[in-house]
Amino acid sequence: MYKGSWQSGRRYRRRSHQQSPWFRHCASSERYNTGISQSPQDSGRGNDESPSTSSSTAGSSSVPDLPGYYFDPEKKRYFRLLPGHNNCNPLTKESIQQKETEKKRLQLVEEDKQKKKVARMGFNASSLLRKRQLGFLNDISYSRLAHELRVSCMQKGKVHIQSSDPSALASDQFNLILANTNRDRLFTVIDVKVGGSKYSIINLSRLRIPSPTVRMYENLYFTNRKVNSVCWASLNHLDSHILLCRMGIAKTPGCATLLPASLFAHSHPVEDRPGMLCSFQIPSAWSCAWSLNTQANNCFSTGLSRQVLLTNVVTGHQQLFGTSSDVLAQQFAVLAPLLFNGCRSGEIFAIDLRSQSQCKGWKAMRLSHDSAVTSVQILQEEQCLMASDMAGKIKLWDLRTTKCLRQFEGHVNEYAYLPLHVHEEEGIVMAVGQDCYTRIWSLHDAHLLRTIPSPYPASKEDIPSVAFSSQLGGFRGGPGLLMAVRKDLYYFSYN
């Protein structure tokens, strides 16, 4: 009895599927695109299972998107999707997206190995030289386009790191790298496997092709607290200290620490005297900046939750400015007495350093983004400002007219705190996206010059940290890009 009922129910379902116009349309479309005809039994089993999600990652635009199914372009057939929370399911929407992302990265890695690349269509080395000889390009345009071509042809090589503790390099991972003004040293924050962080300074004086080698000088200055922001500080002389902002834990308040670079043995000049180690207790800071402005000499600023705190290191005097949102990015101007701030609300404003915090007119100007601002960079003449936000927007602002001059497309960011690198002398803008791709644009016209994939699969824990200069290693150094990811350091040198 039960057996006959089961067979009759199966025949009914099969017959209803064959009579359904929607099912006939999907089945014919599938056979047309795959070239493989399925039996009625296979079709019946595929539709007996109720679809749970809608696949948005079809292999081709010509293949119909069936709710709850995924089309594999390699096997040329549909597969059923299950909810992503099913740990035993090897086929989920998230795993499909991750597989396609990794496939795209590997393809870009192979393309990146090619030596002949072109930053702009129709502008290779021979055509640039020919156009200059014919008078179509002046010296400034030729120099800029030739530099862009060199950037697009940079070749990747792995850097050998010498350290007093080589075993630690195999387990520890880079969190960030930050180059000093002369580009001959890198300050690094390294995540330790057992927990916490440690700091080091990398000397770049031996960064030479074909065997780039650097020396890492460590210091036993550990912290179990998260480092929110770092910048070089010029207290005794240029880049004599490192300013770190660390978060508080439980009842322990946050602090801003001035760490002397001289504490890292042999990483500083011989004539450098031991610096002063000082720490200031502050609420947890989101950002920090050191002032080179004469109006705020020996001062640094920290961006707090709805506050900006200006501190004089020598006198200990502090000024507190109230804001309407958390301050995530800061930079001092050098020529004008202004401190620029980027907020979580998307507002960018400048503080007049000559004003008192009690006065009402300390806000000098305002700009606006649609998302949280993660980085602000002032150009040399201080007439323009670059800003990036958590919506992936990078904009160049005119500070005189408070209008957006141009926008740099392609950057990927949804919620991460990612820096922006502007190199005005080289004429490039650089940023690492949340997808772990390093993108380089032309500052002149916002043209995307190159996209560099990460050596490792993309993940939020392995976002690369980069540093670029035309003189990496100091005055006699060569141009290139340094990329730190996981435990490795890579050097992209000019060809």
# chains A, B, ... in the order shown; residues from 1 in each chain; ligands from 1
$ select_by_dssp --residues "stretch 135-166 of chain A" --states "strand (DSSP E)" --output "number ranges by chain"
A: 155-158, 160-162
$ write_last_selection --atoms "N, CA, C and O atoms" --output "tab-separated table (two decimals), in the first residue's frame"
chain	number	residue	atom	x	y	z
A	155	GLN	N	58.95	44.73	-11.05
A	155	GLN	CA	59.07	43.29	-10.90
A	155	GLN	C	59.17	42.91	-9.42
A	155	GLN	O	59.88	43.57	-8.65
A	156	LYS	N	58.47	41.84	-9.05
A	156	LYS	CA	58.42	41.42	-7.65
A	156	LYS	C	59.58	40.50	-7.30
A	156	LYS	O	59.97	39.62	-8.07
A	157	GLY	N	60.14	40.72	-6.11
A	157	GLY	CA	61.18	39.86	-5.56
A	157	GLY	C	61.04	39.78	-4.05
A	157	GLY	O	60.56	40.72	-3.41
A	158	LYS	N	61.42	38.67	-3.48
A	158	LYS	CA	61.32	38.49	-2.04
A	158	LYS	C	62.55	39.04	-1.34
A	158	LYS	O	63.67	38.85	-1.80
A	160	HIS	N	65.16	39.23	1.75
A	160	HIS	CA	65.74	38.42	2.82
A	160	HIS	C	65.90	39.29	4.07
A	160	HIS	O	66.53	40.35	4.02
A	161	ILE	N	65.30	38.86	5.16
A	161	ILE	CA	65.32	39.63	6.41
A	161	ILE	C	66.32	38.99	7.37
A	161	ILE	O	66.19	37.81	7.71
A	162	GLN	N	67.29	39.76	7.79
A	162	GLN	CA	68.25	39.33	8.80
A	162	GLN	C	67.79	39.82	10.17
A	162	GLN	O	67.44	40.99	10.33
$ closest_residue --among "A:Leu420, A:Ile463, A:Val189, A:Val308" --to "A:Gln434" --atoms "only C-alpha atoms"
A:Ile463
$ select_by_dssp --residues "stretch 48-277 of chain A" --states "helix (DSSP H, G or I)" --output "MDAnalysis selection string"
chainID A and resid 48 93:112 125:133 139:152 166:171 261:263
$ closest_residue --among "A:Ile452, A:Leu259, A:Leu320, A:Leu178" --to "A:Ile440" --atoms "only C-alpha atoms"
A:Ile452
$ atom_distance --atom1 "atom CA of A:Lys395" --atom2 "atom CA of A:Cys231"
22.7 Å
$ residues_around --residues "A:Asn413" --least-positions-apart "6" --cutoff "7 Å" --atoms "only C-alpha atoms" --output "list in words"
Met390, Ala391, Gly392, Gly433 and Gln434 of chain A
$ write_last_selection --atoms "C-alpha atoms" --output "mmCIF file, in the first residue's frame"
data_model
loop_
_atom_site.group_PDB
_atom_site.id
_atom_site.type_symbol
_atom_site.label_atom_id
_atom_site.label_comp_id
_atom_site.auth_asym_id
_atom_site.auth_seq_id
_atom_site.Cartn_x
_atom_site.Cartn_y
_atom_site.Cartn_z
ATOM 1 C CA MET A 390 34.840 53.267 4.068
ATOM 2 C CA ALA A 391 32.700 53.269 0.929
ATOM 3 C CA GLY A 392 35.803 52.870 -1.233
ATOM 4 C CA GLY A 433 41.822 47.574 -0.673
ATOM 5 C CA GLN A 434 39.867 45.249 1.541
#
$ closest_residue --among "A:Ser355, A:Ser388, A:Asp72, A:His237" --to "A:Tyr415" --atoms "only C-alpha atoms"
A:Ser388
$ residues_around --residues "A:Arg439" --least-positions-apart "4" --cutoff "8 Å" --atoms "only C-alpha atoms" --output "list of chain:residue names"
A:Gly410, A:His411, A:Met430, A:Ala431, A:Val432, A:Gly433, A:Leu448, A:Leu449, A:Arg450, A:Thr451, A:Ile452
$ write_last_selection --atoms "N, CA, C and O atoms" --output "JSON list (two decimals), in the first residue's frame"
[["chain", "number", "residue", "atom", "x", "y", "z"],
["A", 410, "GLY", "N", 37.93, 52.33, -8.29],
["A", 410, "GLY", "CA", 38.48, 50.98, -8.19],
["A", 410, "GLY", "C", 38.81, 50.54, -6.79],
["A", 410, "GLY", "O", 38.95, 49.33, -6.55],
["A", 411, "HIS", "N", 38.95, 51.47, -5.85],
["A", 411, "HIS", "CA", 39.31, 51.09, -4.49],
["A", 411, "HIS", "C", 38.15, 50.34, -3.83],
["A", 411, "HIS", "O", 36.98, 50.67, -4.02],
["A", 430, "MET", "N", 48.35, 55.63, -4.07],
["A", 430, "MET", "CA", 48.37, 54.19, -3.81],
["A", 430, "MET", "C", 47.49, 53.86, -2.62],
["A", 430, "MET", "O", 47.45, 54.59, -1.63],
["A", 431, "ALA", "N", 46.77, 52.73, -2.73],
["A", 431, "ALA", "CA", 45.92, 52.27, -1.63],
["A", 431, "ALA", "C", 45.75, 50.76, -1.74],
["A", 431, "ALA", "O", 45.67, 50.21, -2.85],
["A", 432, "VAL", "N", 45.70, 50.10, -0.59],
["A", 432, "VAL", "CA", 45.44, 48.67, -0.51],
["A", 432, "VAL", "C", 43.98, 48.48, -0.11],
["A", 432, "VAL", "O", 43.53, 49.01, 0.91],
["A", 433, "GLY", "N", 43.24, 47.76, -0.92],
["A", 433, "GLY", "CA", 41.82, 47.57, -0.67],
["A", 433, "GLY", "C", 41.54, 46.42, 0.27],
["A", 433, "GLY", "O", 42.41, 45.62, 0.62],
["A", 448, "LEU", "N", 43.90, 54.55, -13.51],
["A", 448, "LEU", "CA", 44.41, 53.38, -12.80],
["A", 448, "LEU", "C", 45.58, 52.80, -13.58],
["A", 448, "LEU", "O", 45.42, 52.29, -14.69],
["A", 449, "LEU", "N", 46.78, 52.86, -12.98],
["A", 449, "LEU", "CA", 47.99, 52.43, -13.67],
["A", 449, "LEU", "C", 48.25, 50.94, -13.50],
["A", 449, "LEU", "O", 48.69, 50.27, -14.43],
["A", 450, "ARG", "N", 47.98, 50.43, -12.32],
["A", 450, "ARG", "CA", 48.32, 49.02, -12.07],
["A", 450, "ARG", "C", 47.53, 48.49, -10.87],
["A", 450, "ARG", "O", 47.23, 49.23, -9.93],
["A", 451, "THR", "N", 47.23, 47.21, -10.93],
["A", 451, "THR", "CA", 46.60, 46.49, -9.82],
["A", 451, "THR", "C", 47.49, 45.31, -9.47],
["A", 451, "THR", "O", 47.71, 44.42, -10.30],
["A", 452, "ILE", "N", 48.00, 45.28, -8.25],
["A", 452, "ILE", "CA", 48.93, 44.24, -7.81],
["A", 452, "ILE", "C", 48.20, 43.29, -6.86],
["A", 452, "ILE", "O", 47.70, 43.72, -5.82]]
$ closest_residue --among "A:Pro337, A:Gly303, A:Pro212, A:Pro464" --to "A:Val159" --atoms "only C-alpha atoms"
A:Pro212
$ decode --residues "stretch 277-291 of chain A" --atoms "N, CA and C atoms" --output "PDB file, in the first residue's frame"
ATOM      1  N   LEU A 277      61.713  58.477  26.563  1.00  0.00           N
ATOM      2  CA  LEU A 277      60.517  57.650  26.488  1.00  0.00           C
ATOM      3  C   LEU A 277      59.454  58.260  27.385  1.00  0.00           C
ATOM      4  N   CYS A 278      58.344  58.643  26.813  1.00  0.00           N
ATOM      5  CA  CYS A 278      57.276  59.250  27.605  1.00  0.00           C
ATOM      6  C   CYS A 278      55.940  58.706  27.140  1.00  0.00           C
ATOM      7  N   SER A 279      54.996  58.704  28.051  1.00  0.00           N
ATOM      8  CA  SER A 279      53.676  58.156  27.774  1.00  0.00           C
ATOM      9  C   SER A 279      52.620  59.053  28.409  1.00  0.00           C
ATOM     10  N   PHE A 280      51.501  59.233  27.709  1.00  0.00           N
ATOM     11  CA  PHE A 280      50.413  60.076  28.173  1.00  0.00           C
ATOM     12  C   PHE A 280      49.144  59.239  28.223  1.00  0.00           C
ATOM     13  N   GLN A 281      48.495  59.243  29.376  1.00  0.00           N
ATOM     14  CA  GLN A 281      47.238  58.523  29.516  1.00  0.00           C
ATOM     15  C   GLN A 281      46.114  59.316  28.858  1.00  0.00           C
ATOM     16  N   ILE A 282      45.451  58.681  27.921  1.00  0.00           N
ATOM     17  CA  ILE A 282      44.352  59.309  27.197  1.00  0.00           C
ATOM     18  C   ILE A 282      43.257  58.275  27.002  1.00  0.00           C
ATOM     19  N   PRO A 283      42.045  58.716  26.698  1.00  0.00           N
ATOM     20  CA  PRO A 283      41.031  57.738  26.282  1.00  0.00           C
ATOM     21  C   PRO A 283      41.481  57.054  24.997  1.00  0.00           C
ATOM     22  N   SER A 284      40.871  55.956  24.683  1.00  0.00           N
ATOM     23  CA  SER A 284      41.265  55.197  23.494  1.00  0.00           C
ATOM     24  C   SER A 284      41.209  56.083  22.252  1.00  0.00           C
ATOM     25  N   ALA A 285      42.341  56.160  21.551  1.00  0.00           N
ATOM     26  CA  ALA A 285      42.463  57.049  20.401  1.00  0.00           C
ATOM     27  C   ALA A 285      42.307  56.259  19.107  1.00  0.00           C
ATOM     28  N   TRP A 286      41.648  56.887  18.137  1.00  0.00           N
ATOM     29  CA  TRP A 286      41.480  56.284  16.823  1.00  0.00           C
ATOM     30  C   TRP A 286      42.601  56.681  15.868  1.00  0.00           C
ATOM     31  N   SER A 287      43.185  57.845  16.075  1.00  0.00           N
ATOM     32  CA  SER A 287      44.194  58.356  15.150  1.00  0.00           C
ATOM     33  C   SER A 287      45.163  59.250  15.900  1.00  0.00           C
ATOM     34  N   CYS A 288      46.297  59.534  15.252  1.00  0.00           N
ATOM     35  CA  CYS A 288      47.279  60.445  15.829  1.00  0.00           C
ATOM     36  C   CYS A 288      48.053  61.126  14.720  1.00  0.00           C
ATOM     37  N   ALA A 289      48.672  62.264  15.042  1.00  0.00           N
ATOM     38  CA  ALA A 289      49.468  63.016  14.073  1.00  0.00           C
ATOM     39  C   ALA A 289      50.475  63.859  14.835  1.00  0.00           C
ATOM     40  N   TRP A 290      51.682  63.981  14.259  1.00  0.00           N
ATOM     41  CA  TRP A 290      52.731  64.809  14.848  1.00  0.00           C
ATOM     42  C   TRP A 290      52.819  66.113  14.063  1.00  0.00           C
ATOM     43  N   SER A 291      53.042  67.220  14.794  1.00  0.00           N
ATOM     44  CA  SER A 291      53.042  68.539  14.177  1.00  0.00           C
ATOM     45  C   SER A 291      54.453  68.978  13.810  1.00  0.00           C
TER      46      SER A 291
END
